[in-house]
file entry-v1.txt (compact mmCIF, C-alpha atoms)
# COMPACT_ATOMS: atom_id res chain seq x y z
CA MET A 1 -22.66 29.26 -45.54
CA ASP A 2 -21.89 32.93 -46.25
CA ARG A 3 -18.41 34.42 -46.01
CA GLU A 4 -19.04 36.16 -42.68
CA THR A 5 -20.39 33.00 -41.04
CA GLY A 6 -17.43 31.03 -42.36
CA ALA A 7 -14.96 33.55 -40.93
CA THR A 8 -16.75 33.48 -37.56
CA ASN A 9 -16.58 29.68 -37.47
CA ARG A 10 -12.88 29.72 -38.33
CA ARG A 11 -12.19 32.19 -35.51
CA ARG A 12 -14.17 30.05 -33.09
CA GLN A 13 -12.28 26.94 -34.20
CA SER A 14 -8.93 28.69 -33.80
CA ARG A 15 -9.87 29.79 -30.29
CA SER A 16 -11.01 26.26 -29.43
CA ASN A 17 -7.80 24.73 -30.81
CA ILE A 18 -5.67 27.12 -28.78
CA TYR A 19 -7.59 26.42 -25.57
CA HIS A 20 -7.48 22.62 -26.02
CA TYR A 21 -3.76 22.78 -26.81
CA LEU A 22 -3.14 24.60 -23.54
CA TYR A 23 -5.53 22.32 -21.66
CA ASN A 24 -3.61 19.21 -22.73
CA ALA A 25 -0.12 20.71 -22.64
CA LYS A 26 2.37 18.72 -20.59
CA ASP A 27 5.37 20.98 -21.23
CA PHE A 28 6.17 24.66 -21.45
CA CYS A 29 3.88 26.44 -23.88
CA SER A 30 4.42 29.89 -25.42
CA ARG A 31 2.75 32.03 -28.04
CA GLN A 32 5.45 30.96 -30.46
CA SER A 33 4.85 27.24 -29.84
CA LEU A 34 1.10 27.74 -30.32
CA SER A 35 1.76 29.44 -33.65
CA ARG A 36 4.19 26.75 -34.76
CA ASP A 37 2.28 23.64 -33.61
CA LEU A 38 -1.20 24.80 -34.61
CA GLY A 39 -0.17 26.40 -37.89
CA LEU A 40 -1.61 29.78 -36.92
CA SER A 41 -0.12 33.22 -37.53
CA LEU A 42 1.20 35.05 -34.49
CA PRO A 43 -1.40 37.86 -34.90
CA THR A 44 -4.16 35.19 -34.84
CA VAL A 45 -2.66 33.62 -31.73
CA TYR A 46 -2.36 36.99 -29.97
CA GLN A 47 -5.94 37.96 -30.85
CA ASN A 48 -7.44 34.70 -29.59
CA LEU A 49 -5.34 34.67 -26.45
CA SER A 50 -6.49 38.21 -25.73
CA GLU A 51 -10.11 37.04 -25.90
CA LEU A 52 -9.46 33.95 -23.76
CA MET A 53 -7.60 36.02 -21.15
CA GLU A 54 -10.34 38.63 -21.08
CA ALA A 55 -12.81 35.81 -20.41
CA GLY A 56 -10.62 34.64 -17.51
CA LEU A 57 -9.90 31.26 -19.12
CA VAL A 58 -6.17 31.63 -19.92
CA ARG A 59 -3.32 33.36 -18.12
CA ASP A 60 0.40 33.95 -18.34
CA SER A 61 1.90 31.20 -16.22
CA GLY A 62 4.86 33.29 -15.08
CA GLN A 63 7.26 30.72 -16.51
CA GLN A 64 9.89 31.74 -18.99
CA GLN A 65 12.05 29.70 -21.31
CA SER A 66 15.05 30.90 -23.26
CA THR A 67 14.86 30.54 -27.02
CA GLY A 68 18.40 31.79 -27.57
CA GLY A 69 17.24 35.39 -27.63
CA ARG A 70 14.41 37.01 -25.77
CA LYS A 71 12.78 34.70 -23.21
CA ALA A 72 9.30 33.44 -24.11
CA SER A 73 6.54 33.70 -21.50
CA GLY A 74 4.59 30.60 -20.63
CA LEU A 75 0.83 30.19 -20.89
CA SER A 76 -1.71 28.00 -19.15
CA ILE A 77 -5.42 27.68 -18.69
CA VAL A 78 -7.03 28.94 -15.49
CA PRO A 79 -8.17 25.59 -14.02
CA ASP A 80 -10.69 27.02 -11.56
CA ALA A 81 -12.26 29.40 -14.07
CA ARG A 82 -15.12 26.92 -14.01
CA VAL A 83 -16.13 24.40 -11.35
CA ALA A 84 -18.30 21.30 -11.37
CA VAL A 85 -19.68 19.28 -8.48
CA GLY A 86 -20.07 15.53 -8.48
CA VAL A 87 -22.28 13.65 -6.03
CA SER A 88 -22.15 9.93 -5.36
CA ILE A 89 -25.13 8.33 -3.61
CA THR A 90 -24.67 4.88 -2.11
CA GLU A 91 -26.75 2.85 0.29
CA ASN A 92 -25.57 4.75 3.35
CA ARG A 93 -23.26 7.51 2.15
CA LEU A 94 -23.45 10.80 0.31
CA ARG A 95 -20.11 11.87 -1.15
CA MET A 96 -19.57 15.23 -2.84
CA ALA A 97 -16.55 16.63 -4.64
CA ALA A 98 -16.05 20.03 -6.25
CA VAL A 99 -13.50 19.91 -9.06
CA ASP A 100 -11.83 22.32 -11.43
CA LEU A 101 -11.43 21.91 -15.20
CA TRP A 102 -8.48 19.55 -14.72
CA LEU A 103 -10.56 17.39 -12.35
CA GLN A 104 -8.41 18.57 -9.46
CA GLU A 105 -10.37 18.29 -6.25
CA LEU A 106 -11.20 21.65 -4.66
CA ALA A 107 -13.42 20.38 -1.87
CA TYR A 108 -14.76 17.07 -0.60
CA GLN A 109 -17.50 16.11 1.82
CA LYS A 110 -18.77 12.72 3.01
CA THR A 111 -21.97 12.32 5.00
CA GLU A 112 -23.76 9.29 6.36
CA ILE A 113 -27.39 9.03 5.28
CA SER A 114 -30.36 7.17 6.64
CA THR A 115 -31.42 4.14 4.62
CA GLY A 116 -35.06 4.97 5.38
CA MET A 117 -35.18 8.16 3.30
CA ASP A 118 -37.45 8.34 0.28
CA LEU A 119 -36.27 10.22 -2.82
CA LEU A 120 -37.97 13.48 -1.81
CA GLU A 121 -36.29 13.43 1.60
CA LEU A 122 -32.98 12.43 0.09
CA GLY A 123 -33.28 15.20 -2.51
CA ALA A 124 -33.92 17.85 0.14
CA PHE A 125 -30.99 16.58 2.19
CA LEU A 126 -28.76 16.54 -0.90
CA ALA A 127 -29.69 20.11 -1.84
CA GLY A 128 -28.87 21.33 1.67
CA MET A 129 -25.52 19.54 1.82
CA LEU A 130 -24.64 20.87 -1.63
CA GLU A 131 -25.14 24.47 -0.53
CA ARG A 132 -23.07 23.80 2.58
CA LEU A 133 -20.22 22.43 0.45
CA LEU A 134 -20.30 25.50 -1.80
CA ASP A 135 -20.40 27.85 1.19
CA ASP A 136 -17.66 26.09 3.17
CA SER A 137 -15.33 25.96 0.15
CA GLN A 138 -16.23 29.54 -0.88
CA ILE A 139 -16.99 28.52 -4.46
CA ASP A 140 -18.40 31.29 -6.62
CA ARG A 141 -21.78 30.02 -7.89
CA SER A 142 -21.35 32.00 -11.11
CA ARG A 143 -18.46 29.67 -12.03
CA LEU A 144 -20.46 26.50 -11.34
CA LEU A 145 -21.08 24.55 -14.52
CA GLY A 146 -23.46 22.08 -12.94
CA VAL A 147 -24.03 19.25 -10.49
CA GLY A 148 -23.68 15.63 -11.54
CA VAL A 149 -25.38 12.95 -9.45
CA ALA A 150 -24.28 9.32 -9.68
CA LEU A 151 -26.10 6.41 -8.12
CA PRO A 152 -25.93 2.61 -8.25
CA GLY A 153 -28.87 2.01 -10.53
CA ILE A 154 -30.07 1.75 -14.10
CA ILE A 155 -31.26 5.09 -15.48
CA THR A 156 -33.90 5.10 -18.21
CA PRO A 157 -32.76 6.32 -21.66
CA ASP A 158 -34.62 9.62 -21.23
CA GLY A 159 -32.82 10.25 -17.92
CA THR A 160 -36.02 10.77 -15.92
CA HIS A 161 -36.38 7.55 -13.93
CA ILE A 162 -34.44 4.87 -12.08
CA SER A 163 -35.64 1.59 -13.53
CA SER A 164 -33.80 -0.48 -10.92
CA ALA A 165 -31.43 0.21 -8.02
CA PRO A 166 -31.38 -2.82 -5.69
CA THR A 167 -28.95 -1.44 -3.11
CA LEU A 168 -31.11 1.69 -2.77
CA ARG A 169 -34.28 -0.44 -2.79
CA LEU A 170 -35.70 1.53 -5.70
CA ARG A 171 -37.56 0.44 -8.82
CA ASP A 172 -39.38 2.53 -11.45
CA ALA A 173 -38.77 5.70 -9.40
CA SER A 174 -38.88 9.24 -10.82
CA LEU A 175 -35.69 11.27 -10.41
CA ASP A 176 -37.61 14.53 -10.13
CA GLY A 177 -37.81 14.39 -6.35
CA LEU A 178 -34.09 13.82 -6.09
CA ILE A 179 -32.94 16.81 -8.14
CA ARG A 180 -35.80 19.32 -7.98
CA GLY A 181 -34.22 21.20 -5.06
CA ILE A 182 -30.93 21.81 -6.88
CA PRO A 183 -31.00 25.29 -8.52
CA TYR A 184 -28.17 24.49 -10.97
CA PRO A 185 -27.92 22.41 -14.14
CA THR A 186 -28.08 18.74 -13.18
CA TYR A 187 -27.13 15.44 -14.74
CA VAL A 188 -27.87 11.97 -13.36
CA GLU A 189 -25.91 8.87 -14.35
CA ASN A 190 -25.04 5.39 -13.20
CA ASP A 191 -22.10 5.46 -10.79
CA ALA A 192 -19.93 2.89 -12.58
CA THR A 193 -20.52 4.54 -15.97
CA SER A 194 -19.35 7.82 -14.46
CA GLY A 195 -16.26 6.27 -12.91
CA GLY A 196 -15.36 4.47 -16.11
CA TYR A 197 -15.59 7.62 -18.19
CA ALA A 198 -13.31 9.51 -15.78
CA GLU A 199 -10.77 6.70 -15.92
CA TRP A 200 -10.76 6.68 -19.72
CA PHE A 201 -10.54 10.49 -19.82
CA LYS A 202 -7.37 10.46 -17.70
CA ARG A 203 -5.68 7.50 -19.39
CA SER A 204 -3.03 8.50 -21.92
CA ASP A 205 -3.47 5.51 -24.26
CA LYS A 206 -7.22 6.06 -24.85
CA GLN A 207 -7.75 2.37 -25.63
CA SER A 208 -10.96 0.44 -25.20
CA MET A 209 -11.48 -0.72 -21.64
CA VAL A 210 -13.86 -2.17 -19.12
CA TYR A 211 -14.23 -0.45 -15.78
CA LEU A 212 -15.26 -2.62 -12.83
CA SER A 213 -16.49 -0.66 -9.82
CA LEU A 214 -16.17 -2.15 -6.33
CA GLU A 215 -18.17 -0.21 -3.76
CA ASP A 216 -21.24 -1.04 -1.63
CA GLY A 217 -22.43 -2.67 -4.85
CA VAL A 218 -20.56 -3.93 -7.91
CA GLY A 219 -21.08 -2.40 -11.34
CA GLY A 220 -19.15 -1.40 -14.38
CA SER A 221 -18.99 0.26 -17.75
CA ILE A 222 -17.67 -0.54 -21.20
CA LEU A 223 -15.89 2.12 -23.25
CA PHE A 224 -14.90 1.53 -26.86
CA HIS A 225 -12.34 4.25 -27.63
CA GLY A 226 -14.06 6.57 -25.19
CA VAL A 227 -17.62 5.91 -26.35
CA PRO A 228 -19.71 4.17 -23.68
CA TYR A 229 -21.54 1.07 -24.80
CA VAL A 230 -24.78 1.19 -22.82
CA GLY A 231 -26.71 -1.66 -24.44
CA ASP A 232 -30.23 -1.81 -25.81
CA ASN A 233 -31.77 -1.26 -22.36
CA ARG A 234 -28.95 0.74 -20.72
CA ARG A 235 -28.03 -2.35 -18.71
CA SER A 236 -24.56 -3.04 -20.10
CA GLY A 237 -21.80 -3.30 -17.53
CA GLU A 238 -24.04 -4.76 -14.82
CA PHE A 239 -21.20 -7.12 -13.98
CA GLY A 240 -22.26 -7.28 -10.36
CA HIS A 241 -25.16 -9.50 -11.37
CA MET A 242 -23.25 -12.06 -13.39
CA CYS A 243 -23.35 -15.41 -11.61
CA VAL A 244 -20.01 -16.56 -10.21
CA GLU A 245 -21.34 -19.30 -7.92
CA ILE A 246 -24.41 -21.38 -8.77
CA GLY A 247 -26.71 -21.42 -5.74
CA GLY A 248 -24.28 -19.19 -3.88
CA LEU A 249 -24.69 -16.26 -1.52
CA PRO A 250 -27.95 -14.30 -1.75
CA CYS A 251 -27.78 -10.98 -3.58
CA LYS A 252 -29.90 -7.88 -2.98
CA CYS A 253 -31.29 -8.28 -6.49
CA GLY A 254 -33.12 -11.40 -5.29
CA ARG A 255 -30.89 -13.95 -7.02
CA GLN A 256 -28.07 -16.09 -5.69
CA GLY A 257 -24.38 -16.28 -6.54
CA CYS A 258 -23.97 -12.81 -8.06
CA LEU A 259 -20.52 -11.22 -8.16
CA GLU A 260 -21.92 -8.39 -6.03
CA ALA A 261 -22.83 -10.84 -3.26
CA TYR A 262 -19.17 -11.87 -3.04
CA CYS A 263 -17.17 -8.76 -3.93
CA SER A 264 -18.90 -5.70 -2.50
CA ALA A 265 -17.99 -3.66 0.55
CA SER A 266 -21.39 -4.58 1.94
CA ARG A 267 -20.33 -8.22 2.23
CA ILE A 268 -17.64 -7.19 4.68
CA SER A 269 -19.50 -4.52 6.63
CA ASP A 270 -22.87 -6.32 6.74
CA ASN A 271 -21.59 -9.83 7.44
CA LEU A 272 -19.07 -8.85 10.09
CA GLY A 273 -20.57 -5.63 11.42
CA ILE A 274 -17.23 -3.80 11.25
CA THR A 275 -15.69 -1.03 9.20
CA LEU A 276 -13.44 -1.68 6.23
CA GLU A 277 -10.51 -0.25 8.17
CA GLU A 278 -11.11 -2.73 10.99
CA PHE A 279 -11.47 -5.62 8.55
CA PHE A 280 -8.22 -4.97 6.69
CA ALA A 281 -6.38 -4.40 9.94
CA GLY A 282 -7.56 -7.89 10.89
CA VAL A 283 -6.36 -9.29 7.56
CA GLU A 284 -2.94 -7.74 8.16
CA ARG A 285 -2.86 -9.38 11.61
CA HIS A 286 -3.64 -12.72 9.90
CA GLU A 287 -6.87 -13.24 11.80
CA LEU A 288 -8.16 -16.48 10.30
CA ASN A 289 -11.84 -15.58 9.74
CA TYR A 290 -10.90 -12.33 8.04
CA GLU A 291 -8.25 -13.98 5.88
CA ILE A 292 -10.65 -16.73 4.75
CA LEU A 293 -13.29 -14.19 3.73
CA TRP A 294 -10.76 -11.97 1.95
CA HIS A 295 -9.26 -14.80 -0.10
CA ASP A 296 -12.75 -15.96 -1.02
CA PHE A 297 -13.50 -12.37 -2.07
CA LEU A 298 -10.39 -12.25 -4.29
CA ARG A 299 -11.03 -15.67 -5.88
CA HIS A 300 -14.59 -14.75 -6.86
CA LEU A 301 -13.38 -11.37 -8.10
CA ALA A 302 -10.85 -13.21 -10.28
CA ILE A 303 -13.69 -15.26 -11.78
CA GLY A 304 -15.61 -12.10 -12.62
CA ILE A 305 -12.55 -10.43 -14.13
CA ASN A 306 -11.74 -13.50 -16.22
CA ASN A 307 -15.32 -13.66 -17.52
CA ILE A 308 -15.09 -10.03 -18.61
CA ARG A 309 -11.74 -10.62 -20.31
CA MET A 310 -13.08 -13.69 -22.13
CA ALA A 311 -16.15 -11.81 -23.38
CA LEU A 312 -14.64 -8.45 -24.35
CA ASP A 313 -10.87 -9.05 -24.76
CA CYS A 314 -9.72 -5.62 -23.57
CA ASP A 315 -8.11 -4.01 -20.54
CA VAL A 316 -9.97 -4.26 -17.25
CA VAL A 317 -9.60 -1.44 -14.71
CA LEU A 318 -10.68 -1.84 -11.09
CA GLY A 319 -12.11 1.25 -9.43
CA GLY A 320 -14.35 2.29 -6.54
CA PHE A 321 -13.46 2.94 -2.93
CA LEU A 322 -12.59 -0.71 -2.23
CA THR A 323 -9.53 -0.39 -4.47
CA GLU A 324 -7.97 1.83 -1.80
CA TYR A 325 -7.45 -1.41 0.16
CA ILE A 326 -6.65 -3.79 -2.70
CA THR A 327 -3.21 -2.44 -3.66
CA PRO A 328 -1.15 -4.71 -1.32
CA TYR A 329 -3.09 -7.74 -2.59
CA PHE A 330 -3.12 -6.80 -6.27
CA PRO A 331 -0.30 -9.22 -7.26
CA LEU A 332 -2.23 -12.05 -5.60
CA LEU A 333 -5.43 -11.06 -7.42
CA LYS A 334 -3.56 -11.10 -10.74
CA GLU A 335 -2.18 -14.53 -9.86
CA TYR A 336 -5.68 -15.89 -9.14
CA THR A 337 -6.97 -14.35 -12.36
CA ALA A 338 -4.17 -15.68 -14.57
CA ALA A 339 -4.59 -19.18 -13.14
CA ILE A 340 -8.09 -19.53 -14.64
CA ASN A 341 -7.44 -17.84 -18.00
CA THR A 342 -7.58 -20.18 -20.99
CA PHE A 343 -5.38 -18.09 -23.30
CA GLU A 344 -2.99 -16.02 -21.17
CA SER A 345 -0.40 -16.94 -18.57
CA ASN A 346 -0.57 -13.54 -16.85
CA ALA A 347 -3.09 -10.83 -16.09
CA ASP A 348 -1.18 -7.84 -17.41
CA TYR A 349 -4.41 -6.49 -18.88
CA LEU A 350 -5.64 -5.78 -15.33
CA TYR A 351 -5.07 -2.37 -13.75
CA LEU A 352 -6.01 -0.40 -10.68
CA SER A 353 -7.73 2.91 -11.32
CA ILE A 354 -5.72 6.11 -11.68
CA PHE A 355 -8.19 7.62 -9.20
CA ARG A 356 -7.83 5.74 -5.92
CA LYS A 357 -10.23 8.07 -4.11
CA HIS A 358 -13.52 9.74 -4.93
CA MET A 359 -13.64 8.25 -8.43
CA VAL A 360 -17.41 8.37 -8.86
CA PRO A 361 -17.97 12.01 -7.79
CA LEU A 362 -15.10 13.09 -10.05
CA GLY A 363 -16.47 11.00 -12.89
CA VAL A 364 -19.99 12.40 -12.82
CA ALA A 365 -18.64 15.97 -12.44
CA LEU A 366 -16.64 15.30 -15.61
CA HIS A 367 -19.89 15.40 -17.61
CA PHE A 368 -20.02 19.19 -17.20
CA VAL A 369 -16.27 19.65 -17.70
CA ALA A 370 -16.39 17.68 -20.97
CA GLU A 371 -19.46 19.65 -22.07
CA PHE A 372 -17.60 22.90 -21.39
CA LEU A 373 -14.54 21.73 -23.35
CA ASP A 374 -16.72 20.72 -26.28
CA GLN A 375 -18.32 24.16 -26.40
CA ILE A 376 -15.28 26.35 -25.85
call {"tool": "encode", "arguments": {"input": "entry-v1.txt", "output": "C-alpha cells"}}
result
Amino acid sequence: MDRETGATNRRRQSRSNIYHYLYNAKDFCSRQSLSRDLGLSLPTVYQNLSELMEAGLVRDSGQQQSTGGRKASGLSIVPDARVAVGVSITENRLRMAAVDLWLQELAYQKTEISTGMDLLELGAFLAGMLERLLDDSQIDRSRLLGVGVALPGIITPDGTHISSAPTLRLRDASLDGLIRGIPYPTYVENDATSGGYAEWFKRSDKQSMVYLSLEDGVGGSILFHGVPYVGDNRRSGEFGHMCVEIGGLPCKCGRQGCLEAYCSASRISDNLGITLEEFFAGVERHELNYEILWHDFLRHLAIGINNIRMALDCDVVLGGFLTEYITPYFPLLKEYTAAINTFESNADYLYLSIFRKHMVPLGVALHFVAEFLDQI
C-alpha cells in the first residue's frame, strides 16, 4: 500500500468512526467529545464533519451544553438522509414499512392479498403498492437504499429461489417474478431471519439469542453474537416444524403435530373463522371455547420454547404480530415453560420482542441500513 492510499484509508476510517459514534450516541455529543473519545485532533474532527454535513448525513442538533466556558453545540446524524423499505409477505397480507437509518418508521401500509395469486401476479401487485407507499409518504426516491422482501419460506443459498414455503403453497419457485417489477435494489430473506436480526441489532447486550416468530406461520432464527446460523441447507430455525404432539393436529407442511399447527395465528383465524381481535376479546370475556384453545396454544408454545432452550441454552425472544396479544399472558407462558424445564425453576431467559409491531418489515429493511453503515 502506497503512502497516498494509506492516508486515504485513514481519512475514510476517521469519517466512519465519527459517523458511527454519532449514530450510536445516547447522550449529548459535541466536536470536543468526538475528539476526546475517538482520539482524533480537533482539525481532523472539523474536516470530517464538514464532509459529512456537506453530504447531508450529519447536522448540528441545536442542543448546547455548558463546559464551564463557551457552550458546545450538539451533533447528530440526519436519520432520514437515507430510507429503506421492508416488505413482509404472508399467506393473506402484504405489509410494508419505510424506515429511516435508526429504523424509525416513516410510513406503514397493510393490504389484504388474494391467496390465488401466482408469483408474477403477486410481484406486479407488490411493485404497484410499493410505488403508492412512496408517493403517499412523499419519500424521495434518490434517498432510497433499497427494498427488502421477507417471506415465510426457505430461500436457496444463491438467493434466487424459494425451495419451500408451505403457507404460500410454493416449492422450488424462482423469485424473479416476484421482484422483477421493482426498479430499486432488492433483497429477499426469510421472515423470521429478518425479524431476529432486527431484534439483535436493537438489543443492548448483543448476546447470542434465538428468535421465535409467531405469525400466520411459525419460524425462527439463531444468532450467535449477531451472526446468523443458517445451517447447511439454510433450514436452521425452522422451529415451526418441530413436533410437539405425536399424531397431533395436521400442519400445512403435510405432517402432524408441528409447533406451527398449534401456535400460529392461522390456527385461531382458520379454525374459528374470526379475527384475532375478536378471539382475544372472547378470551378476556372468559368464553370457554376460546379459553381452552388459548391455554392449549400456550402449553404447546411452552414445549417448543423449552425444546429450544434445551438444545441451544441461550435467550429466547418471541416476536411476530401475535406477540401484540401475548403480553397480558406472558407471566402464565413463563410459568408453563418453567414447569417443564429440567434445569431451571424459572423462565427468565424468555423475552418479548423490543418491536411489538411490524417486526418483519423493519427487519428486512435493516439489511440495507446495515449495508449503508458498513460502507460509510
call {"tool": "residues_around", "arguments": {"input": "entry-v1.txt", "residues": "Lys202 in chain A", "least_positions_apart": "5", "cutoff": "10 Å", "atoms": "all atoms listed in the file", "output": "number ranges by chain"}}
result
A: 102-103, 197, 353-355
call {"tool": "write_last_selection", "arguments": {"input": "entry-v1.txt", "atoms": "C-alpha atoms", "output": "PDB file, in the frame of the given file"}}
result
ATOM      1  CA  TRP A 102      -8.480  19.550 -14.720  1.00  0.00           C
ATOM      2  CA  LEU A 103     -10.560  17.390 -12.350  1.00  0.00           C
ATOM      3  CA  TYR A 197     -15.590   7.620 -18.190  1.00  0.00           C
ATOM      4  CA  SER A 353      -7.730   2.910 -11.320  1.00  0.00           C
ATOM      5  CA  ILE A 354      -5.720   6.110 -11.680  1.00  0.00           C
ATOM      6  CA  PHE A 355      -8.190   7.620  -9.200  1.00  0.00           C
TER       7      PHE A 355
END
call {"tool": "atom_distance", "arguments": {"input": "entry-v1.txt", "atom1": "CA of Glu112 in chain A", "atom2": "CA of Gly128 in chain A"}}
result
13.9 Å
call {"tool": "residues_around", "arguments": {"input": "entry-v1.txt", "residues": "range 84-97 of chain A", "least_positions_apart": "4", "cutoff": "7 Å", "atoms": "only C-alpha atoms", "output": "PDB file with C-alpha atoms, keeping the file's coordinate frame"}}
result
ATOM      1  CA  GLU A 105     -10.370  18.290  -6.250  1.00  0.00           C
ATOM      2  CA  ALA A 107     -13.420  20.380  -1.870  1.00  0.00           C
ATOM      3  CA  TYR A 108     -14.760  17.070  -0.600  1.00  0.00           C
ATOM      4  CA  GLN A 109     -17.500  16.110   1.820  1.00  0.00           C
ATOM      5  CA  LYS A 110     -18.770  12.720   3.010  1.00  0.00           C
ATOM      6  CA  THR A 111     -21.970  12.320   5.000  1.00  0.00           C
ATOM      7  CA  GLU A 112     -23.760   9.290   6.360  1.00  0.00           C
ATOM      8  CA  ILE A 113     -27.390   9.030   5.280  1.00  0.00           C
ATOM      9  CA  SER A 114     -30.360   7.170   6.640  1.00  0.00           C
ATOM     10  CA  THR A 115     -31.420   4.140   4.620  1.00  0.00           C
ATOM     11  CA  LEU A 144     -20.460  26.500 -11.340  1.00  0.00           C
ATOM     12  CA  LEU A 145     -21.080  24.550 -14.520  1.00  0.00           C
ATOM     13  CA  GLY A 146     -23.460  22.080 -12.940  1.00  0.00           C
ATOM     14  CA  VAL A 147     -24.030  19.250 -10.490  1.00  0.00           C
ATOM     15  CA  GLY A 148     -23.680  15.630 -11.540  1.00  0.00           C
ATOM     16  CA  VAL A 149     -25.380  12.950  -9.450  1.00  0.00           C
ATOM     17  CA  ALA A 150     -24.280   9.320  -9.680  1.00  0.00           C
ATOM     18  CA  LEU A 151     -26.100   6.410  -8.120  1.00  0.00           C
ATOM     19  CA  PRO A 152     -25.930   2.610  -8.250  1.00  0.00           C
ATOM     20  CA  THR A 167     -28.950  -1.440  -3.110  1.00  0.00           C
ATOM     21  CA  LEU A 168     -31.110   1.690  -2.770  1.00  0.00           C
ATOM     22  CA  ASP A 216     -21.240  -1.040  -1.630  1.00  0.00           C
ATOM     23  CA  VAL A 360     -17.410   8.370  -8.860  1.00  0.00           C
ATOM     24  CA  PRO A 361     -17.970  12.010  -7.790  1.00  0.00           C
ATOM     25  CA  LEU A 362     -15.100  13.090 -10.050  1.00  0.00           C
ATOM     26  CA  VAL A 364     -19.990  12.400 -12.820  1.00  0.00           C
ATOM     27  CA  ALA A 365     -18.640  15.970 -12.440  1.00  0.00           C
ATOM     28  CA  PHE A 368     -20.020  19.190 -17.200  1.00  0.00           C
ATOM     29  CA  VAL A 369     -16.270  19.650 -17.700  1.00  0.00           C
TER      30      VAL A 369
END
call {"tool": "axis_aligned_box", "arguments": {"input": "entry-v1.txt", "around": "range 276-283 of chain A", "padding_each_side": "5 Å", "output": "lines of an AutoDock Vina configuration file"}}
result
center_x = -9.9
center_y = -4.8
center_z = 8.6
size_x = 17.1
size_y = 19.0
size_z = 14.8
call {"tool": "atom_distance", "arguments": {"input": "entry-v1.txt", "atom1": "CA of Leu40 in chain A", "atom2": "CA of Ile18 in chain A"}}
result
9.5 Å
call {"tool": "residues_around", "arguments": {"input": "entry-v1.txt", "residues": "Leu49 in chain A", "least_positions_apart": "6", "cutoff": "10 Å", "atoms": "all atoms listed in the file", "output": "number ranges by chain"}}
result
A: 15, 18-19, 31, 43, 55, 57-60, 75
call {"tool": "residues_around", "arguments": {"input": "entry-v1.txt", "residues": "Thr323 in chain A", "least_positions_apart": "5", "cutoff": "12 Å", "atoms": "only C-alpha atoms", "output": "PDB file with C-alpha atoms, in the coordinates of the input"}}
result
ATOM      1  CA  LEU A 212     -15.260  -2.620 -12.830  1.00  0.00           C
ATOM      2  CA  SER A 213     -16.490  -0.660  -9.820  1.00  0.00           C
ATOM      3  CA  LEU A 214     -16.170  -2.150  -6.330  1.00  0.00           C
ATOM      4  CA  GLU A 215     -18.170  -0.210  -3.760  1.00  0.00           C
ATOM      5  CA  CYS A 263     -17.170  -8.760  -3.930  1.00  0.00           C
ATOM      6  CA  SER A 264     -18.900  -5.700  -2.500  1.00  0.00           C
ATOM      7  CA  ALA A 265     -17.990  -3.660   0.550  1.00  0.00           C
ATOM      8  CA  LEU A 276     -13.440  -1.680   6.230  1.00  0.00           C
ATOM      9  CA  LEU A 298     -10.390 -12.250  -4.290  1.00  0.00           C
ATOM     10  CA  VAL A 317      -9.600  -1.440 -14.710  1.00  0.00           C
ATOM     11  CA  LEU A 318     -10.680  -1.840 -11.090  1.00  0.00           C
ATOM     12  CA  PRO A 328      -1.150  -4.710  -1.320  1.00  0.00           C
ATOM     13  CA  TYR A 329      -3.090  -7.740  -2.590  1.00  0.00           C
ATOM     14  CA  PHE A 330      -3.120  -6.800  -6.270  1.00  0.00           C
ATOM     15  CA  LEU A 333      -5.430 -11.060  -7.420  1.00  0.00           C
ATOM     16  CA  TYR A 351      -5.070  -2.370 -13.750  1.00  0.00           C
ATOM     17  CA  LEU A 352      -6.010  -0.400 -10.680  1.00  0.00           C
ATOM     18  CA  SER A 353      -7.730   2.910 -11.320  1.00  0.00           C
ATOM     19  CA  ILE A 354      -5.720   6.110 -11.680  1.00  0.00           C
ATOM     20  CA  PHE A 355      -8.190   7.620  -9.200  1.00  0.00           C
ATOM     21  CA  ARG A 356      -7.830   5.740  -5.920  1.00  0.00           C
ATOM     22  CA  LYS A 357     -10.230   8.070  -4.110  1.00  0.00           C
ATOM     23  CA  HIS A 358     -13.520   9.740  -4.930  1.00  0.00           C
ATOM     24  CA  MET A 359     -13.640   8.250  -8.430  1.00  0.00           C
TER      25      MET A 359
END
call {"tool": "closest_residue", "arguments": {"input": "entry-v1.txt", "among": "A:Ile326, A:Leu259, A:Ala281, A:Leu38", "to": "Asn307 in chain A", "atoms": "all atoms listed in the file"}}
result
A:Leu259
call {"tool": "residues_around", "arguments": {"input": "entry-v1.txt", "residues": "Arg234 in chain A", "least_positions_apart": "2", "cutoff": "9 Å", "atoms": "all atoms listed in the file", "output": "list in words"}}
result
Ile154, Ile155, Thr156, Pro157, Tyr229, Val230, Gly231, Asp232, Ser236 and Gly237 of chain A
call {"tool": "write_last_selection", "arguments": {"input": "entry-v1.txt", "atoms": "C-alpha atoms", "output": "PDB file, in the coordinates of the input"}}
result
ATOM      1  CA  ILE A 154     -30.070   1.750 -14.100  1.00  0.00           C
ATOM      2  CA  ILE A 155     -31.260   5.090 -15.480  1.00  0.00           C
ATOM      3  CA  THR A 156     -33.900   5.100 -18.210  1.00  0.00           C
ATOM      4  CA  PRO A 157     -32.760   6.320 -21.660  1.00  0.00           C
ATOM      5  CA  TYR A 229     -21.540   1.070 -24.800  1.00  0.00           C
ATOM      6  CA  VAL A 230     -24.780   1.190 -22.820  1.00  0.00           C
ATOM      7  CA  GLY A 231     -26.710  -1.660 -24.440  1.00  0.00           C
ATOM      8  CA  ASP A 232     -30.230  -1.810 -25.810  1.00  0.00           C
ATOM      9  CA  SER A 236     -24.560  -3.040 -20.100  1.00  0.00           C
ATOM     10  CA  GLY A 237     -21.800  -3.300 -17.530  1.00  0.00           C
TER      11      GLY A 237
END
call {"tool": "closest_residue", "arguments": {"input": "entry-v1.txt", "among": "A:Arg255, A:Arg309, A:Ile77, A:Ser50", "to": "Tyr21 in chain A", "atoms": "all atoms listed in the file"}}
result
A:Ile77
call {"tool": "closest_residue", "arguments": {"input": "entry-v1.txt", "among": "A:Cys29, A:Leu106, A:Leu34, A:Leu350", "to": "Gly74 in chain A", "atoms": "only C-alpha atoms"}}
result
A:Cys29
